[in-house]
file protein_36.txt (compact mmCIF, C-alpha atoms)
# COMPACT_ATOMS: atom_id res chain seq x y z
CA MET A 1 -21.97 14.75 -26.73
CA LYS A 2 -22.95 13.69 -23.22
CA VAL A 3 -21.34 12.19 -20.14
CA ASP A 4 -22.99 8.89 -19.26
CA VAL A 5 -22.55 8.01 -15.59
CA LEU A 6 -22.20 4.51 -14.17
CA LEU A 7 -22.79 4.17 -10.43
CA GLY A 8 -23.07 1.53 -7.75
CA LEU A 9 -26.49 1.59 -6.08
CA GLN A 10 -25.68 -0.35 -2.92
CA TRP A 11 -22.78 -0.27 -0.44
CA GLY A 12 -20.12 -0.75 -3.11
CA ASP A 13 -18.71 -3.96 -4.63
CA GLU A 14 -21.61 -4.17 -7.07
CA GLY A 15 -19.49 -5.17 -10.07
CA LYS A 16 -18.96 -1.77 -11.67
CA GLY A 17 -15.52 -2.67 -13.05
CA LYS A 18 -16.89 -5.50 -15.16
CA VAL A 19 -19.67 -3.31 -16.55
CA VAL A 20 -17.32 -0.44 -17.41
CA ASP A 21 -14.99 -2.85 -19.18
CA TYR A 22 -17.94 -4.35 -21.07
CA LEU A 23 -19.35 -0.96 -22.11
CA ALA A 24 -16.02 0.78 -22.69
CA SER A 25 -15.80 -0.04 -26.40
CA LYS A 26 -18.75 2.31 -26.98
CA TYR A 27 -16.89 5.30 -25.50
CA LYS A 28 -13.91 7.44 -26.40
CA VAL A 29 -13.15 8.48 -22.81
CA VAL A 30 -13.56 6.73 -19.45
CA ALA A 31 -13.23 8.95 -16.36
CA ARG A 32 -12.94 8.32 -12.62
CA PHE A 33 -14.53 11.16 -10.67
CA GLN A 34 -14.18 10.36 -6.93
CA GLY A 35 -12.69 7.96 -4.42
CA GLY A 36 -9.18 6.61 -4.47
CA PRO A 37 -7.29 3.40 -3.71
CA ASN A 38 -10.16 2.31 -1.44
CA ALA A 39 -11.88 1.25 -4.67
CA GLY A 40 -11.34 -2.22 -6.07
CA HIS A 41 -12.77 -2.61 -9.56
CA THR A 42 -12.47 -6.23 -10.65
CA LEU A 43 -12.40 -7.18 -14.33
CA GLU A 44 -12.09 -10.71 -15.67
CA PHE A 45 -11.41 -11.79 -19.24
CA ASP A 46 -9.21 -14.29 -21.08
CA ASN A 47 -9.23 -16.32 -17.83
CA ILE A 48 -7.25 -13.58 -16.07
CA LYS A 49 -8.54 -11.55 -13.11
CA HIS A 50 -7.55 -7.87 -12.89
CA VAL A 51 -8.19 -5.48 -10.00
CA LEU A 52 -7.88 -1.71 -10.54
CA HIS A 53 -7.86 0.73 -7.65
CA GLN A 54 -7.26 4.20 -9.11
CA ILE A 55 -6.90 3.70 -12.86
CA PRO A 56 -10.15 3.90 -14.87
CA SER A 57 -11.49 0.56 -16.12
CA GLY A 58 -11.18 1.51 -19.79
CA ILE A 59 -7.41 1.10 -19.61
CA PHE A 60 -7.49 -2.39 -21.16
CA ARG A 61 -8.71 -0.99 -24.49
CA GLU A 62 -6.03 0.76 -26.56
CA ASP A 63 -8.28 3.27 -28.31
CA ILE A 64 -9.80 4.76 -25.13
CA LYS A 65 -8.54 7.76 -23.21
CA ASN A 66 -8.70 7.36 -19.44
CA ILE A 67 -8.74 10.30 -17.06
CA VAL A 68 -8.42 10.50 -13.29
CA GLY A 69 -10.60 13.48 -12.40
CA ASN A 70 -10.15 16.24 -9.84
CA GLY A 71 -12.57 14.56 -7.41
CA VAL A 72 -10.21 11.62 -6.94
CA VAL A 73 -7.66 11.35 -4.13
CA LEU A 74 -4.50 9.82 -5.55
CA ASP A 75 -1.85 7.73 -3.82
CA PRO A 76 1.27 8.02 -6.04
CA VAL A 77 2.83 4.84 -4.62
CA ILE A 78 -0.19 2.64 -5.37
CA PHE A 79 -0.69 4.40 -8.70
CA LYS A 80 2.88 3.62 -9.75
CA LYS A 81 2.48 -0.03 -8.74
CA GLU A 82 -0.73 -0.29 -10.76
CA ILE A 83 0.93 1.06 -13.89
CA GLU A 84 3.90 -1.27 -13.46
CA ALA A 85 1.58 -4.24 -13.00
CA LEU A 86 -0.17 -3.37 -16.27
CA LYS A 87 3.20 -3.34 -18.03
CA ASN A 88 3.51 -7.00 -17.15
CA LEU A 89 0.37 -7.52 -19.25
CA ASN A 90 1.96 -5.59 -22.15
CA ILE A 91 -0.30 -2.59 -21.51
CA ASP A 92 1.33 0.83 -21.76
CA ALA A 93 -1.04 2.57 -19.35
CA ALA A 94 0.82 5.90 -19.51
CA LYS A 95 -0.02 6.30 -23.20
CA ASN A 96 -3.77 6.86 -22.75
CA LEU A 97 -3.86 7.84 -19.10
CA PHE A 98 -4.41 11.44 -18.02
CA ILE A 99 -4.45 12.85 -14.47
CA SER A 100 -6.14 16.06 -13.41
CA LYS A 101 -3.71 18.47 -11.76
CA LYS A 102 -6.51 19.27 -9.30
CA ALA A 103 -6.72 15.72 -7.92
CA GLN A 104 -5.65 15.60 -4.27
CA LEU A 105 -2.50 13.74 -3.21
CA ILE A 106 -2.55 11.09 -0.49
CA LEU A 107 0.60 11.55 1.59
CA PRO A 108 2.19 8.84 3.75
CA THR A 109 1.05 10.76 6.81
CA HIS A 110 -2.55 10.62 5.56
CA ARG A 111 -2.36 6.84 5.79
CA LEU A 112 -0.85 7.02 9.26
CA LEU A 113 -3.54 9.47 10.35
CA ASP A 114 -6.25 7.19 8.97
CA ALA A 115 -5.06 4.27 11.10
CA TYR A 116 -4.57 6.51 14.13
CA GLN A 117 -8.04 8.06 13.89
CA GLU A 118 -9.69 4.68 13.39
CA LYS A 119 -7.89 3.29 16.42
CA GLN A 120 -9.09 6.24 18.54
CA LYS A 121 -12.72 5.48 17.67
CA GLY A 122 -12.53 2.06 19.35
CA ASN A 123 -15.82 0.17 18.99
CA ALA A 124 -17.29 3.09 17.05
CA LYS A 125 -14.81 2.69 14.18
CA ILE A 126 -16.09 3.22 10.65
CA GLY A 127 -14.37 0.24 9.06
CA SER A 128 -11.98 2.33 6.99
CA THR A 129 -9.77 0.69 4.36
CA LEU A 130 -6.87 2.62 6.01
CA LYS A 131 -5.74 4.00 2.65
CA GLY A 132 -5.70 7.60 3.87
CA ILE A 133 -8.91 8.55 2.05
CA GLY A 134 -10.72 10.33 4.90
CA PRO A 135 -7.78 12.45 6.11
CA THR A 136 -7.01 13.48 2.53
CA TYR A 137 -10.55 14.68 1.92
CA GLN A 138 -10.44 16.41 5.32
CA ASP A 139 -7.40 18.36 4.19
CA LYS A 140 -9.11 19.17 0.90
CA ILE A 141 -12.14 20.63 2.67
CA GLY A 142 -9.84 22.30 5.20
CA ARG A 143 -8.04 24.00 2.27
CA GLN A 144 -4.62 22.72 3.20
CA GLY A 145 -4.25 19.66 0.96
CA LEU A 146 -1.67 19.13 -1.76
CA ARG A 147 -2.74 18.50 -5.34
CA VAL A 148 -1.14 16.64 -8.21
CA GLY A 149 -0.24 19.91 -9.92
CA ASP A 150 1.73 20.99 -6.85
CA ILE A 151 4.45 18.43 -7.57
CA LEU A 152 5.46 20.60 -10.54
CA MET A 153 5.99 23.63 -8.30
CA SER A 154 9.49 24.63 -7.21
CA ASP A 155 8.42 24.79 -3.57
CA PHE A 156 6.65 21.42 -3.45
CA THR A 157 9.08 20.00 -0.88
CA LYS A 158 8.44 22.93 1.45
CA ARG A 159 4.66 22.54 1.07
CA TYR A 160 4.97 18.82 1.76
CA GLU A 161 7.03 19.37 4.91
CA VAL A 162 4.55 21.93 6.28
CA LEU A 163 1.58 19.57 5.87
CA LYS A 164 3.57 16.59 7.15
CA SER A 165 4.42 18.51 10.33
CA LYS A 166 0.74 19.31 10.91
CA HIS A 167 -0.14 15.62 10.56
CA LEU A 168 2.60 14.44 12.90
CA ALA A 169 1.45 16.91 15.55
CA GLN A 170 -1.91 15.07 15.63
CA MET A 171 -0.37 11.65 16.34
CA GLU A 172 1.96 9.91 18.75
CA ALA A 173 5.09 11.33 17.19
CA LYS A 174 7.69 8.62 17.78
CA GLU A 175 5.69 5.72 16.38
CA ALA A 176 4.50 7.84 13.43
CA ASN A 177 8.03 9.07 12.68
CA ASP A 178 9.39 5.52 12.67
CA GLN A 179 6.73 4.38 10.19
CA LEU A 180 7.11 7.50 8.08
CA GLU A 181 10.83 6.92 7.73
CA GLU A 182 10.06 3.63 6.00
CA MET A 183 7.27 5.02 3.79
CA GLU A 184 8.71 8.33 2.61
CA PRO A 185 11.37 7.15 0.10
CA ALA A 186 8.82 5.19 -1.91
CA PHE A 187 6.47 8.19 -1.89
CA MET A 188 9.11 10.60 -3.20
CA ASP A 189 10.11 8.09 -5.87
CA ALA A 190 6.49 7.76 -6.93
CA VAL A 191 6.13 11.56 -7.08
CA GLU A 192 9.03 11.70 -9.55
CA PHE A 193 7.35 8.97 -11.58
CA LEU A 194 4.07 10.89 -11.53
CA LYS A 195 5.83 13.86 -13.13
CA THR A 196 6.50 11.75 -16.24
CA LEU A 197 2.79 11.10 -16.85
CA ASN A 198 0.14 13.18 -18.65
CA LEU A 199 -0.84 15.78 -16.06
CA VAL A 200 -3.66 17.93 -17.43
CA ASP A 201 -6.26 20.53 -16.58
CA GLY A 202 -8.94 17.89 -16.23
CA GLU A 203 -11.99 20.11 -16.60
CA TYR A 204 -10.72 21.48 -19.92
CA PHE A 205 -9.70 18.00 -21.05
CA VAL A 206 -13.15 16.48 -20.52
CA ASN A 207 -15.11 19.41 -21.95
CA GLU A 208 -12.88 19.65 -25.02
CA GLU A 209 -13.39 15.93 -25.64
CA LEU A 210 -17.16 16.47 -25.43
CA SER A 211 -17.05 19.48 -27.77
CA THR A 212 -15.15 17.49 -30.41
CA GLY A 213 -17.68 14.67 -30.41
CA SER A 214 -16.19 12.21 -27.91
CA ASN A 215 -18.65 10.45 -25.65
CA VAL A 216 -17.54 10.02 -22.05
CA LEU A 217 -18.29 7.33 -19.49
CA ALA A 218 -17.91 8.51 -15.88
CA GLU A 219 -17.03 5.62 -13.59
CA GLY A 220 -18.07 5.86 -9.96
CA ALA A 221 -16.37 4.16 -7.03
CA GLN A 222 -17.87 2.75 -3.82
CA GLY A 223 -21.71 2.90 -3.85
CA SER A 224 -24.56 5.40 -3.49
CA LEU A 225 -25.42 4.19 0.01
CA LEU A 226 -21.91 5.23 1.08
CA ASP A 227 -22.33 8.82 -0.15
CA VAL A 228 -21.08 11.30 2.46
CA ASP A 229 -24.40 13.22 2.32
CA PHE A 230 -26.99 10.59 1.46
CA GLY A 231 -25.45 7.36 2.75
CA SER A 232 -25.74 5.68 6.17
CA TYR A 233 -23.89 8.50 7.94
CA PRO A 234 -21.44 8.36 9.69
CA PHE A 235 -20.67 4.93 8.24
CA VAL A 236 -19.95 6.37 4.81
CA THR A 237 -17.03 7.20 2.56
CA SER A 238 -15.62 10.74 2.34
CA SER A 239 -16.83 11.70 -1.13
CA ASN A 240 -20.01 12.15 -3.15
CA THR A 241 -20.55 8.80 -4.81
CA MET A 242 -23.77 9.79 -6.59
CA VAL A 243 -24.28 11.36 -9.99
CA ALA A 244 -23.79 14.91 -8.70
CA GLY A 245 -20.25 13.87 -7.80
CA ALA A 246 -19.53 13.28 -11.48
CA CYS A 247 -20.19 16.95 -12.20
CA SER A 248 -18.03 18.29 -9.37
CA GLY A 249 -15.43 15.53 -9.74
CA LEU A 250 -14.82 16.14 -13.45
CA GLY A 251 -15.81 19.76 -13.97
CA VAL A 252 -18.82 19.21 -16.23
CA SER A 253 -22.20 20.91 -16.22
CA PRO A 254 -25.30 18.96 -15.08
CA SER A 255 -26.73 19.67 -18.55
CA LYS A 256 -23.97 17.47 -19.99
CA ILE A 257 -25.17 14.35 -18.14
CA GLY A 258 -26.79 11.74 -20.38
CA GLU A 259 -27.70 8.22 -19.29
CA VAL A 260 -27.39 7.32 -15.62
CA MET A 261 -26.67 3.62 -15.32
CA GLY A 262 -27.08 1.97 -11.93
CA VAL A 263 -25.33 -1.27 -11.02
CA PHE A 264 -26.65 -3.56 -8.28
CA LYS A 265 -26.21 -7.14 -7.17
CA ALA A 266 -29.10 -9.60 -7.16
CA TYR A 267 -28.55 -9.61 -3.40
CA CYS A 268 -26.76 -7.19 -1.02
CA THR A 269 -23.30 -7.01 0.53
CA ARG A 270 -21.45 -4.57 2.73
CA VAL A 271 -17.87 -4.28 3.99
CA GLY A 272 -17.03 -2.62 7.28
CA SER A 273 -19.34 -1.18 9.92
CA GLY A 274 -22.77 0.39 9.46
CA PRO A 275 -26.44 -0.55 9.16
CA PHE A 276 -27.51 -3.40 6.87
CA PRO A 277 -31.23 -4.21 7.34
CA THR A 278 -31.29 -7.47 5.34
CA GLU A 279 -27.98 -8.87 6.63
CA LEU A 280 -28.03 -12.63 7.20
CA PHE A 281 -26.10 -14.01 10.16
CA ASP A 282 -26.99 -17.65 9.52
CA GLU A 283 -25.93 -20.42 7.16
CA THR A 284 -27.71 -18.67 4.29
CA GLY A 285 -25.51 -15.59 4.66
CA GLU A 286 -22.40 -17.74 4.78
CA ARG A 287 -23.60 -19.59 1.68
CA LEU A 288 -24.07 -16.33 -0.19
CA ARG A 289 -20.54 -15.28 0.80
CA LYS A 290 -19.08 -18.58 -0.38
CA GLU A 291 -21.05 -18.81 -3.65
CA GLY A 292 -20.40 -15.15 -4.50
CA HIS A 293 -16.72 -15.15 -3.45
CA GLU A 294 -17.57 -12.15 -1.33
CA PHE A 295 -14.23 -10.89 -0.10
CA GLY A 296 -13.05 -7.30 -0.56
CA ALA A 297 -10.95 -6.67 -3.69
CA THR A 298 -9.03 -3.96 -1.81
CA THR A 299 -8.94 -5.23 1.78
CA GLY A 300 -9.59 -8.96 1.43
CA ARG A 301 -12.13 -8.67 4.27
CA PRO A 302 -15.16 -11.01 4.15
CA ARG A 303 -18.25 -9.11 3.06
CA ARG A 304 -21.46 -9.10 5.03
CA CYS A 305 -24.25 -10.66 2.93
CA GLY A 306 -28.04 -10.41 2.78
CA TRP A 307 -31.10 -10.41 0.55
CA LEU A 308 -31.91 -7.66 -1.95
CA ASP A 309 -33.28 -4.51 -0.31
CA ILE A 310 -35.87 -2.74 -2.51
CA PRO A 311 -36.37 0.39 -0.33
CA ALA A 312 -32.60 1.02 -0.36
CA LEU A 313 -32.44 0.37 -4.11
CA LYS A 314 -35.36 2.71 -4.84
CA TYR A 315 -33.72 5.40 -2.70
CA ALA A 316 -30.46 5.16 -4.66
CA ILE A 317 -32.38 5.24 -7.95
CA MET A 318 -34.27 8.35 -6.82
CA ILE A 319 -31.29 10.46 -5.70
CA ASN A 320 -29.33 9.60 -8.87
CA GLY A 321 -32.09 9.82 -11.47
CA VAL A 322 -31.15 6.37 -12.76
CA THR A 323 -32.37 5.66 -16.30
CA GLN A 324 -31.33 2.02 -16.63
CA LEU A 325 -30.24 -0.79 -14.35
CA PHE A 326 -27.64 -3.54 -14.58
CA MET A 327 -28.13 -6.58 -12.33
CA MET A 328 -24.97 -8.47 -11.37
CA LYS A 329 -24.29 -11.93 -9.95
CA ALA A 330 -27.65 -13.49 -10.79
CA ASP A 331 -25.77 -16.80 -11.07
CA VAL A 332 -24.78 -16.70 -7.38
CA LEU A 333 -28.40 -17.32 -6.32
CA MET A 334 -28.87 -20.37 -8.54
CA SER A 335 -28.22 -22.80 -5.68
CA PHE A 336 -31.23 -21.53 -3.70
CA ASP A 337 -34.64 -23.17 -4.04
CA LYS A 338 -36.30 -20.02 -2.71
CA VAL A 339 -35.06 -16.44 -2.69
CA ARG A 340 -36.30 -13.45 -0.71
CA ILE A 341 -36.61 -9.74 -1.45
CA CYS A 342 -37.15 -7.03 1.15
CA THR A 343 -40.03 -4.77 0.02
CA GLY A 344 -40.34 -2.57 3.12
CA TYR A 345 -39.49 -2.15 6.79
CA LYS A 346 -41.43 -2.49 10.03
CA LEU A 347 -40.32 0.21 12.46
CA ALA A 348 -40.02 -0.07 16.24
CA ASP A 349 -43.45 1.54 16.75
CA GLY A 350 -45.09 -1.08 14.52
CA THR A 351 -45.62 1.13 11.49
CA GLU A 352 -44.47 0.02 8.06
CA THR A 353 -42.57 2.09 5.49
CA GLY A 354 -40.97 1.77 2.10
CA LYS A 355 -38.53 4.61 2.81
CA LEU A 356 -35.10 4.63 4.41
CA PRO A 357 -35.38 6.12 7.93
CA TYR A 358 -33.37 9.28 8.57
CA ASP A 359 -31.25 7.59 11.22
CA LEU A 360 -30.93 4.06 9.94
CA VAL A 361 -27.88 3.69 12.17
CA SER A 362 -29.91 3.69 15.40
CA GLU A 363 -33.45 3.18 14.08
CA SER A 364 -34.61 -0.40 14.63
CA VAL A 365 -36.07 -1.79 11.41
CA GLU A 366 -37.37 -5.25 10.57
CA PRO A 367 -37.33 -6.22 6.88
CA ILE A 368 -40.63 -7.20 5.28
CA TYR A 369 -39.95 -9.99 2.79
CA VAL A 370 -41.62 -11.64 -0.17
CA GLU A 371 -40.46 -15.07 -1.25
CA LEU A 372 -39.97 -16.07 -4.87
CA PRO A 373 -38.96 -19.33 -6.61
CA GLY A 374 -35.24 -19.84 -7.16
CA TRP A 375 -33.53 -20.79 -10.42
CA LYS A 376 -30.75 -23.04 -11.68
CA ASP A 377 -29.57 -20.85 -14.55
CA THR A 378 -26.03 -20.55 -15.81
CA MET A 379 -25.06 -18.48 -18.84
CA PRO A 380 -27.31 -19.68 -21.71
CA ALA A 381 -25.37 -21.30 -24.56
CA SER A 382 -27.33 -19.08 -26.94
CA GLY A 383 -26.20 -15.94 -25.11
CA LYS A 384 -29.82 -14.72 -25.20
CA TYR A 385 -31.85 -13.34 -22.33
CA GLU A 386 -34.95 -15.07 -23.67
CA ASP A 387 -33.41 -18.46 -22.84
CA LEU A 388 -33.27 -17.81 -19.11
CA SER A 389 -35.69 -19.70 -16.89
CA GLU A 390 -39.10 -18.26 -16.12
CA SER A 391 -38.14 -18.10 -12.41
CA LEU A 392 -35.17 -15.80 -13.04
CA LYS A 393 -37.14 -13.67 -15.50
CA SER A 394 -39.91 -13.37 -12.88
CA TYR A 395 -37.35 -12.21 -10.30
CA ILE A 396 -36.11 -9.56 -12.72
CA GLY A 397 -39.66 -8.52 -13.60
CA PHE A 398 -40.59 -8.20 -9.92
CA ILE A 399 -37.67 -5.84 -9.30
CA GLU A 400 -38.52 -3.72 -12.37
CA LYS A 401 -42.13 -3.36 -11.23
CA GLU A 402 -41.04 -2.34 -7.72
CA VAL A 403 -38.47 0.28 -8.77
CA GLY A 404 -39.93 1.50 -12.07
CA VAL A 405 -36.66 1.36 -14.05
CA PRO A 406 -35.74 -1.23 -16.72
CA ILE A 407 -32.97 -3.77 -16.15
CA LYS A 408 -30.92 -3.69 -19.36
CA ILE A 409 -28.02 -6.00 -18.47
CA VAL A 410 -28.00 -9.23 -16.48
CA SER A 411 -24.61 -10.65 -15.48
CA MET A 412 -24.34 -14.43 -15.18
CA GLY A 413 -20.66 -14.71 -14.24
CA PRO A 414 -17.41 -12.79 -13.80
CA ASP A 415 -16.12 -12.92 -17.38
CA ARG A 416 -16.88 -10.35 -20.09
CA SER A 417 -18.70 -13.07 -22.02
CA HIS A 418 -21.07 -13.86 -19.15
CA THR A 419 -23.25 -10.85 -19.91
CA LEU A 420 -26.81 -10.76 -21.24
CA ILE A 421 -28.21 -7.69 -22.99
CA ARG A 422 -31.96 -7.11 -23.01
call {"tool": "encode", "arguments": {"input": "protein_36.txt", "output": "structure tokens"}}
result
Amino acid sequence: MKVDVLLGLQWGDEGKGKVVDYLASKYKVVARFQGGPNAGHTLEFDNIKHVLHQIPSGIFREDIKNIVGNGVVLDPVIFKKEIEALKNLNIDAAKNLFISKKAQLILPTHRLLDAYQEKQKGNAKIGSTLKGIGPTYQDKIGRQGLRVGDILMSDFTKRYEVLKSKHLAQMEAKEANDQLEEMEPAFMDAVEFLKTLNLVDGEYFVNEELSTGSNVLAEGAQGSLLDVDFGSYPFVTSSNTMVAGACSGLGVSPSKIGEVMGVFKAYCTRVGSGPFPTELFDETGERLRKEGHEFGATTGRPRRCGWLDIPALKYAIMINGVTQLFMMKADVLMSFDKVRICTGYKLADGTETGKLPYDLVSESVEPIYVELPGWKDTMPASGKYEDLSESLKSYIGFIEKEVGVPIKIVSMGPDRSHTLIR
């Protein structure tokens, strides 16, 4: 069997959680392969809204195994709270939830370091979620991080104290110590809770599932344009959010990758700092934010909004080898008489390009737009794609022609049922 990969193709918040939940019934295993509690995967069904941060989105289906892969950075405190919240919905998450021993642990001091480092950047701040993601990945690359499997070791406390001391030495000690004193008991309690869960050798787990005929869905977090190598550096996340990250974040061979499914919104949003060529600063941008309920699922911050960016979308499709596309939030644009799509950029020297500039952060680009008729569609009563308006189908067809990849799913609302299959 193969590992199908589902990725966001923009700056995150594309609606991946809903798609994973919708597709999950077709898979035996759902796996998270990177990111951490900075993710906010929103699922909505039975008139209830659910937000998952570290737990894979297949957890709501009893017959699916869910694994947190080695590429993830795990906050035990948030993880424990997520599992307890699911219990309130009569879901025994621990039953079908597995955690790779090689996943990195987010310590309380990682969160303190994150806030401290962001503060030091001043106006050049990245816009971090302050969940400790960056410092944890820094320790991983620096070969001094602690992993989930380390909590089973007899000398875990000693290892923890050594790393904690290194972190405190980088900050203003008194303030950090005061905060740490409040945070540490909950962390140690969560570590004990983590010991009661299914801690596994994740790479063996996934490959054994594949060898016995289980198909696997790898669920990405954030978006391709936030990839640490290929995103709008330095305004990126700290992990590889593209399809290659699924291989390194789960321990599977590239030859095991099957379909690559890319999720994008019918328009664009971004949270935090960084370039955003089609961002709208006027009433139209505010209208998009209001109609789309564009506020971060993790931070609650208002999202920056703009028109769909074809060069950025084509770039994300190229680096991931996307085989099919899923378009989300088509219903949000139904209040617009006209909609726009960016098909290229005009650079400062007057030349035009359909490629993302190397240094989009400082390169001045002016979007080149085409204008298309709007639509008034809601979810068709028939549940059939064919019953959408010609205007919406033309919008979808225009995108397909520009990017060269078919759009297989169109989402017309937040609920599971608001989903059209082509």
call {"tool": "atom_distance", "arguments": {"input": "protein_36.txt", "atom1": "CA of Glu386 (chain A)", "atom2": "CA of Val410 (chain A)"}}
result
11.6 Å
call {"tool": "atom_distance", "arguments": {"input": "protein_36.txt", "atom1": "CA of His167 (chain A)", "atom2": "CA of Pro234 (chain A)"}}
result
22.5 Å
call {"tool": "residues_near_point", "arguments": {"input": "protein_36.txt", "point": "(-30.1, 6.6, -15.1)", "cutoff": "6 Å", "atoms": "only C-alpha atoms", "output": "list in words"}}
result
Glu259, Val260, Met261, Gly321, Val322, Thr323 and Gln324 of chain A
call {"tool": "axis_aligned_box", "arguments": {"input": "protein_36.txt", "around": "region 330-341 of chain A", "padding_each_side": "6 Å", "output": "lines of an AutoDock Vina configuration file"}}
result
center_x = -30.7
center_y = -16.5
center_z = -5.9
size_x = 23.8
size_y = 25.4
size_z = 22.4
call {"tool": "atom_distance", "arguments": {"input": "protein_36.txt", "atom1": "CA of Gly306 (chain A)", "atom2": "CA of Leu360 (chain A)"}}
result
16.4 Å
call {"tool": "residues_around", "arguments": {"input": "protein_36.txt", "residues": "Gly374 (chain A)", "least_positions_apart": "2", "cutoff": "10 Å", "atoms": "all atoms listed in the file", "output": "compact mmCIF listing (two decimals) with C-alpha atoms, keeping the file's coordinate frame"}}
result
# COMPACT_ATOMS: atom_id res chain seq x y z
CA LEU A 333 -28.40 -17.32 -6.32
CA MET A 334 -28.87 -20.37 -8.54
CA SER A 335 -28.22 -22.80 -5.68
CA PHE A 336 -31.23 -21.53 -3.70
CA ASP A 337 -34.64 -23.17 -4.04
CA LYS A 338 -36.30 -20.02 -2.71
CA VAL A 339 -35.06 -16.44 -2.69
CA ARG A 340 -36.30 -13.45 -0.71
CA GLU A 371 -40.46 -15.07 -1.25
CA LEU A 372 -39.97 -16.07 -4.87
CA LYS A 376 -30.75 -23.04 -11.68
CA ASP A 377 -29.57 -20.85 -14.55
CA SER A 389 -35.69 -19.70 -16.89
CA GLU A 390 -39.10 -18.26 -16.12
CA SER A 391 -38.14 -18.10 -12.41
CA LEU A 392 -35.17 -15.80 -13.04
CA SER A 394 -39.91 -13.37 -12.88
CA TYR A 395 -37.35 -12.21 -10.30
call {"tool": "closest_residue", "arguments": {"input": "protein_36.txt", "among": "A:Ser100, A:Asn90, A:Ser238, A:Gln170", "to": "Leu197 (chain A)", "atoms": "all atoms listed in the file"}}
result
A:Ser100
call {"tool": "residues_around", "arguments": {"input": "protein_36.txt", "residues": "region 13-27 of chain A", "least_positions_apart": "3", "cutoff": "8 Å", "atoms": "all atoms listed in the file", "output": "number ranges by chain"}}
result
A: 6-10, 30, 40-44, 57-58, 60-61, 64, 214-217, 219-223, 263-265, 269-270, 296, 328, 414-416
call {"tool": "write_last_selection", "arguments": {"input": "protein_36.txt", "atoms": "C-alpha atoms", "output": "mmCIF file, keeping the file's coordinate frame"}}
result
data_model
loop_
_atom_site.group_PDB
_atom_site.id
_atom_site.type_symbol
_atom_site.label_atom_id
_atom_site.label_comp_id
_atom_site.auth_asym_id
_atom_site.auth_seq_id
_atom_site.Cartn_x
_atom_site.Cartn_y
_atom_site.Cartn_z
ATOM 1 C CA LEU A 6 -22.200 4.510 -14.170
ATOM 2 C CA LEU A 7 -22.790 4.170 -10.430
ATOM 3 C CA GLY A 8 -23.070 1.530 -7.750
ATOM 4 C CA LEU A 9 -26.490 1.590 -6.080
ATOM 5 C CA GLN A 10 -25.680 -0.350 -2.920
ATOM 6 C CA VAL A 30 -13.560 6.730 -19.450
ATOM 7 C CA GLY A 40 -11.340 -2.220 -6.070
ATOM 8 C CA HIS A 41 -12.770 -2.610 -9.560
ATOM 9 C CA THR A 42 -12.470 -6.230 -10.650
ATOM 10 C CA LEU A 43 -12.400 -7.180 -14.330
ATOM 11 C CA GLU A 44 -12.090 -10.710 -15.670
ATOM 12 C CA SER A 57 -11.490 0.560 -16.120
ATOM 13 C CA GLY A 58 -11.180 1.510 -19.790
ATOM 14 C CA PHE A 60 -7.490 -2.390 -21.160
ATOM 15 C CA ARG A 61 -8.710 -0.990 -24.490
ATOM 16 C CA ILE A 64 -9.800 4.760 -25.130
ATOM 17 C CA SER A 214 -16.190 12.210 -27.910
ATOM 18 C CA ASN A 215 -18.650 10.450 -25.650
ATOM 19 C CA VAL A 216 -17.540 10.020 -22.050
ATOM 20 C CA LEU A 217 -18.290 7.330 -19.490
ATOM 21 C CA GLU A 219 -17.030 5.620 -13.590
ATOM 22 C CA GLY A 220 -18.070 5.860 -9.960
ATOM 23 C CA ALA A 221 -16.370 4.160 -7.030
ATOM 24 C CA GLN A 222 -17.870 2.750 -3.820
ATOM 25 C CA GLY A 223 -21.710 2.900 -3.850
ATOM 26 C CA VAL A 263 -25.330 -1.270 -11.020
ATOM 27 C CA PHE A 264 -26.650 -3.560 -8.280
ATOM 28 C CA LYS A 265 -26.210 -7.140 -7.170
ATOM 29 C CA THR A 269 -23.300 -7.010 0.530
ATOM 30 C CA ARG A 270 -21.450 -4.570 2.730
ATOM 31 C CA GLY A 296 -13.050 -7.300 -0.560
ATOM 32 C CA MET A 328 -24.970 -8.470 -11.370
ATOM 33 C CA PRO A 414 -17.410 -12.790 -13.800
ATOM 34 C CA ASP A 415 -16.120 -12.920 -17.380
ATOM 35 C CA ARG A 416 -16.880 -10.350 -20.090
#
call {"tool": "closest_residue", "arguments": {"input": "protein_36.txt", "among": "A:Thr212, A:Thr237, A:Ser273, A:Gln104", "to": "Arg143 (chain A)", "atoms": "all atoms listed in the file"}}
result
A:Gln104
